[in-house]
>>> print(open('coords_20.cif').read())   # mmCIF, C-alpha atoms
data_final
#
loop_
_atom_site.group_PDB
_atom_site.id
_atom_site.type_symbol
_atom_site.label_atom_id
_atom_site.label_comp_id
_atom_site.auth_asym_id
_atom_site.auth_seq_id
_atom_site.Cartn_x
_atom_site.Cartn_y
_atom_site.Cartn_z
ATOM 1 C CA MET A 27 -23.590 49.354 4.736
ATOM 2 C CA ASN A 28 -20.038 50.391 3.973
ATOM 3 C CA VAL A 29 -17.828 53.064 5.525
ATOM 4 C CA ALA A 30 -18.387 55.293 2.459
ATOM 5 C CA ASP A 31 -22.104 55.398 3.271
ATOM 6 C CA ARG A 32 -21.552 56.992 6.704
ATOM 7 C CA MET A 33 -18.165 58.762 6.696
ATOM 8 C CA SER A 34 -17.768 62.531 6.861
ATOM 9 C CA ARG A 35 -16.177 64.057 3.799
ATOM 10 C CA GLY A 36 -15.689 67.678 4.893
ATOM 11 C CA LEU A 37 -12.470 67.084 6.785
ATOM 12 C CA LEU A 38 -10.730 69.459 9.121
ATOM 13 C CA THR A 39 -7.009 69.265 8.416
ATOM 14 C CA THR A 40 -3.845 71.015 9.507
ATOM 15 C CA GLU A 41 -0.085 70.657 9.256
ATOM 16 C CA PRO A 42 2.239 69.208 11.913
ATOM 17 C CA GLU A 43 3.806 72.572 12.822
ATOM 18 C CA THR A 44 0.481 74.210 13.674
ATOM 19 C CA SER A 45 0.271 75.348 17.291
ATOM 20 C CA LEU A 46 -1.847 73.174 19.521
ATOM 21 C CA ARG A 47 -3.852 76.233 20.534
ATOM 22 C CA GLU A 48 -4.750 77.008 16.894
ATOM 23 C CA ALA A 49 -5.684 73.380 16.191
ATOM 24 C CA ALA A 50 -7.878 73.262 19.302
ATOM 25 C CA GLN A 51 -9.577 76.529 18.338
ATOM 26 C CA ARG A 52 -10.352 75.166 14.876
ATOM 27 C CA MET A 53 -11.771 71.965 16.393
ATOM 28 C CA VAL A 54 -14.035 74.019 18.668
ATOM 29 C CA GLU A 55 -15.183 76.222 15.779
ATOM 30 C CA ARG A 56 -16.120 73.174 13.701
ATOM 31 C CA ARG A 57 -17.522 71.312 16.729
ATOM 32 C CA VAL A 58 -15.456 68.191 16.008
ATOM 33 C CA GLY A 59 -13.406 65.927 18.229
ATOM 34 C CA SER A 60 -10.432 65.462 15.930
ATOM 35 C CA ILE A 61 -8.315 67.112 13.293
ATOM 36 C CA VAL A 62 -6.392 65.218 10.631
ATOM 37 C CA ILE A 63 -2.720 66.062 10.242
ATOM 38 C CA VAL A 64 -1.459 66.172 6.671
ATOM 39 C CA GLU A 65 1.869 66.883 5.086
ATOM 40 C CA ARG A 66 1.987 67.410 1.309
ATOM 41 C CA ASP A 67 -1.570 66.030 1.100
ATOM 42 C CA ARG A 68 -0.606 62.786 2.870
ATOM 43 C CA LEU A 69 -2.056 61.618 6.178
ATOM 44 C CA VAL A 70 0.688 61.734 8.827
ATOM 45 C CA GLY A 71 -1.337 61.812 12.037
ATOM 46 C CA ILE A 72 -4.472 62.643 13.957
ATOM 47 C CA LEU A 73 -5.029 64.941 16.906
ATOM 48 C CA THR A 74 -8.004 64.285 19.139
ATOM 49 C CA GLU A 75 -9.654 66.125 21.987
ATOM 50 C CA ARG A 76 -8.100 63.575 24.349
ATOM 51 C CA ASP A 77 -4.633 64.538 23.106
ATOM 52 C CA VAL A 78 -5.377 68.225 23.653
ATOM 53 C CA LEU A 79 -6.678 67.652 27.192
ATOM 54 C CA GLY A 80 -3.595 65.659 28.146
ATOM 55 C CA VAL A 81 -1.238 68.380 26.964
ATOM 56 C CA PHE A 82 -3.120 71.170 28.697
ATOM 57 C CA ALA A 83 -3.328 69.113 31.897
ATOM 58 C CA ARG A 84 0.483 68.956 31.866
ATOM 59 C CA GLY A 85 0.684 72.713 31.270
ATOM 60 C CA GLU A 86 2.425 72.451 27.916
ATOM 61 C CA PHE A 87 0.569 75.385 26.409
ATOM 62 C CA GLU A 88 3.137 76.146 23.708
ATOM 63 C CA ALA A 89 3.134 72.655 22.164
ATOM 64 C CA ARG A 90 2.866 72.040 18.439
ATOM 65 C CA VAL A 91 0.536 69.490 16.879
ATOM 66 C CA SER A 92 3.563 67.370 15.906
ATOM 67 C CA ASP A 93 4.536 67.107 19.593
ATOM 68 C CA VAL A 94 1.386 65.253 20.595
ATOM 69 C CA MET A 95 -0.426 63.875 17.542
ATOM 70 C CA THR A 96 -0.855 60.161 17.009
ATOM 71 C CA ARG A 97 1.468 59.356 14.133
ATOM 72 C CA HIS A 98 0.464 56.871 11.433
ATOM 73 C CA PRO A 99 -3.044 56.254 12.798
ATOM 74 C CA GLU A 100 -5.085 53.190 12.004
ATOM 75 C CA THR A 101 -7.239 53.699 8.924
ATOM 76 C CA VAL A 102 -10.035 52.007 7.026
ATOM 77 C CA SER A 103 -10.978 52.043 3.377
ATOM 78 C CA PRO A 104 -14.326 53.370 2.158
ATOM 79 C CA ASP A 105 -15.412 49.934 0.933
ATOM 80 C CA GLU A 106 -14.956 48.200 4.297
ATOM 81 C CA THR A 107 -18.115 47.310 6.157
ATOM 82 C CA LEU A 108 -19.294 49.365 9.096
ATOM 83 C CA ALA A 109 -19.077 46.222 11.200
ATOM 84 C CA GLN A 110 -15.370 45.850 10.416
ATOM 85 C CA ALA A 111 -14.699 49.541 11.092
ATOM 86 C CA ARG A 112 -16.575 49.282 14.394
ATOM 87 C CA LEU A 113 -14.333 46.389 15.441
ATOM 88 C CA VAL A 114 -11.192 48.360 14.595
ATOM 89 C CA MET A 115 -12.481 51.297 16.636
ATOM 90 C CA LEU A 116 -13.580 49.218 19.611
ATOM 91 C CA HIS A 117 -10.403 47.142 19.818
ATOM 92 C CA GLY A 118 -8.179 50.190 19.380
ATOM 93 C CA GLY A 119 -10.182 52.444 21.686
ATOM 94 C CA PHE A 120 -10.636 54.999 18.892
ATOM 95 C CA ARG A 121 -13.521 57.420 18.467
ATOM 96 C CA HIS A 122 -12.261 58.726 15.121
ATOM 97 C CA LEU A 123 -10.917 56.686 12.232
ATOM 98 C CA PRO A 124 -9.461 58.244 9.063
ATOM 99 C CA VAL A 125 -10.718 56.769 5.799
ATOM 100 C CA VAL A 126 -8.170 56.355 3.020
ATOM 101 C CA GLU A 127 -8.383 55.136 -0.534
ATOM 102 C CA GLY A 128 -4.909 53.999 -1.499
ATOM 103 C CA ALA A 129 -2.730 56.785 -0.103
ATOM 104 C CA LYS A 130 -5.447 59.450 -0.425
ATOM 105 C CA LEU A 131 -7.362 60.703 2.609
ATOM 106 C CA VAL A 132 -11.056 60.685 1.654
ATOM 107 C CA GLY A 133 -13.016 60.884 4.896
ATOM 108 C CA MET A 134 -13.406 60.346 8.622
ATOM 109 C CA LEU A 135 -15.558 57.852 10.450
ATOM 110 C CA SER A 136 -16.564 58.696 14.004
ATOM 111 C CA MET A 137 -18.392 56.790 16.700
ATOM 112 C CA ARG A 138 -21.279 59.195 16.092
ATOM 113 C CA ASP A 139 -21.391 58.057 12.464
ATOM 114 C CA LEU A 140 -21.653 54.460 13.639
ATOM 115 C CA PHE A 141 -24.396 55.196 16.148
ATOM 116 C CA THR A 142 -26.491 57.099 13.634
ATOM 117 C CA ALA A 143 -26.204 54.210 11.176
ATOM 118 C CA GLY A 144 -28.910 52.278 13.028
ATOM 119 C CA GLU A 145 -32.572 52.925 13.382
ATOM 120 C CA ASP A 146 -33.657 56.395 14.423
ATOM 121 C CA GLU A 147 -34.914 55.676 17.929
ATOM 122 C CA ALA A 148 -35.958 58.138 20.588
ATOM 123 C CA PRO A 149 -33.980 58.066 23.846
ATOM 124 C CA ARG A 150 -35.535 56.412 26.894
ATOM 125 C CA GLY A 151 -38.199 58.431 28.614
ATOM 126 C CA VAL A 152 -39.137 60.545 25.625
#
>>> encode(input="coords_20.cif", output="structure tokens")
Amino acid sequence: MNVADRMSRGLLTTEPETSLREAAQRMVERRVGSIVIVERDRLVGILTERDVLGVFARGEFEARVSDVMTRHPETVSPDETLAQARLVMLHGGFRHLPVVEGAKLVGMLSMRDLFTAGEDEAPRGV
């Protein structure tokens, strides 16, 4: 299986100057753990729930996305294998990995996408 087989295509995006509060609200509304930061349709960063928690823990409630986003995040291409993407995520400590084709943002791969790629097994005790 390749990344394209499991990635999410309906991306949540915003611009660097968006307030952190607005970005966090949009993440909650969509029930996602990250938002991709774009500028003129180019990937410039990623903001994750971990980033948001860190900022709020420091009391920086008026921050902008550009103040705390991870700039130039690691990416994968849609034709890479899920095994390769999993290694990138594990070694980097990432739970979300933008998928790009050339310079174009085409999707997002999350740890959830990787876990659901296996067999559909019931949890223990069920």
>>> closest_residue(input="coords_20.cif", among="A:Glu65, A:Glu106, A:Asp31, A:Glu75", to="A:Arg52", atoms="all atoms listed in the file")
A:Glu75
>>> residues_around(input="coords_20.cif", residues="A:Ala30", least_positions_apart="5", cutoff="12 Å", atoms="only C-alpha atoms", output="PDB file with C-alpha atoms, in the frame of the given file")
ATOM      1  CA  ARG A  35     -16.177  64.057   3.799  1.00  0.00           C
ATOM      2  CA  VAL A 102     -10.035  52.007   7.026  1.00  0.00           C
ATOM      3  CA  SER A 103     -10.978  52.043   3.377  1.00  0.00           C
ATOM      4  CA  PRO A 104     -14.326  53.370   2.158  1.00  0.00           C
ATOM      5  CA  ASP A 105     -15.412  49.934   0.933  1.00  0.00           C
ATOM      6  CA  GLU A 106     -14.956  48.200   4.297  1.00  0.00           C
ATOM      7  CA  THR A 107     -18.115  47.310   6.157  1.00  0.00           C
ATOM      8  CA  LEU A 108     -19.294  49.365   9.096  1.00  0.00           C
ATOM      9  CA  ALA A 111     -14.699  49.541  11.092  1.00  0.00           C
ATOM     10  CA  PRO A 124      -9.461  58.244   9.063  1.00  0.00           C
ATOM     11  CA  VAL A 125     -10.718  56.769   5.799  1.00  0.00           C
ATOM     12  CA  VAL A 126      -8.170  56.355   3.020  1.00  0.00           C
ATOM     13  CA  GLU A 127      -8.383  55.136  -0.534  1.00  0.00           C
ATOM     14  CA  VAL A 132     -11.056  60.685   1.654  1.00  0.00           C
ATOM     15  CA  GLY A 133     -13.016  60.884   4.896  1.00  0.00           C
ATOM     16  CA  MET A 134     -13.406  60.346   8.622  1.00  0.00           C
ATOM     17  CA  LEU A 135     -15.558  57.852  10.450  1.00  0.00           C
ATOM     18  CA  ASP A 139     -21.391  58.057  12.464  1.00  0.00           C
ATOM     19  CA  LEU A 140     -21.653  54.460  13.639  1.00  0.00           C
ATOM     20  CA  ALA A 143     -26.204  54.210  11.176  1.00  0.00           C
TER      21      ALA A 143
END
>>> resolve_selection(input="coords_20.cif", expression="the PyMOL selection byres ((chain A and resi 61-63) around 6)", output="mmCIF file with C-alpha atoms, in the coordinates of the input")
data_model
loop_
_atom_site.group_PDB
_atom_site.id
_atom_site.type_symbol
_atom_site.label_atom_id
_atom_site.label_comp_id
_atom_site.auth_asym_id
_atom_site.auth_seq_id
_atom_site.Cartn_x
_atom_site.Cartn_y
_atom_site.Cartn_z
ATOM 1 C CA LEU A 38 -10.730 69.459 9.121
ATOM 2 C CA THR A 39 -7.009 69.265 8.416
ATOM 3 C CA THR A 40 -3.845 71.015 9.507
ATOM 4 C CA GLU A 41 -0.085 70.657 9.256
ATOM 5 C CA SER A 60 -10.432 65.462 15.930
ATOM 6 C CA VAL A 64 -1.459 66.172 6.671
ATOM 7 C CA VAL A 70 0.688 61.734 8.827
ATOM 8 C CA GLY A 71 -1.337 61.812 12.037
ATOM 9 C CA ILE A 72 -4.472 62.643 13.957
ATOM 10 C CA LEU A 73 -5.029 64.941 16.906
#
>>> residues_around(input="coords_20.cif", residues="A:Glu48", least_positions_apart="6", cutoff="10 Å", atoms="only C-alpha atoms", output="list in words")
Thr40, Val54, Arg90 and Val91 of chain A
>>> atom_distance(input="coords_20.cif", atom1="atom CA of A:Met53", atom2="atom CA of A:Thr101")
20.2 Å
>>> resolve_selection(input="coords_20.cif", expression="the PyMOL selection byres ((chain A and resi 89) around 10)", output="list in words")
Glu43, Thr44, Ser45, Leu46, Arg47, Val78, Val81, Phe82, Gly85, Glu86, Phe87, Glu88, Arg90, Val91, Ser92, Asp93 and Val94 of chain A
>>> atom_distance(input="coords_20.cif", atom1="atom CA of A:Leu69", atom2="atom CA of A:Ser34")
15.8 Å
>>> atom_distance(input="coords_20.cif", atom1="atom CA of A:Met115", atom2="atom CA of A:Thr96")
14.6 Å
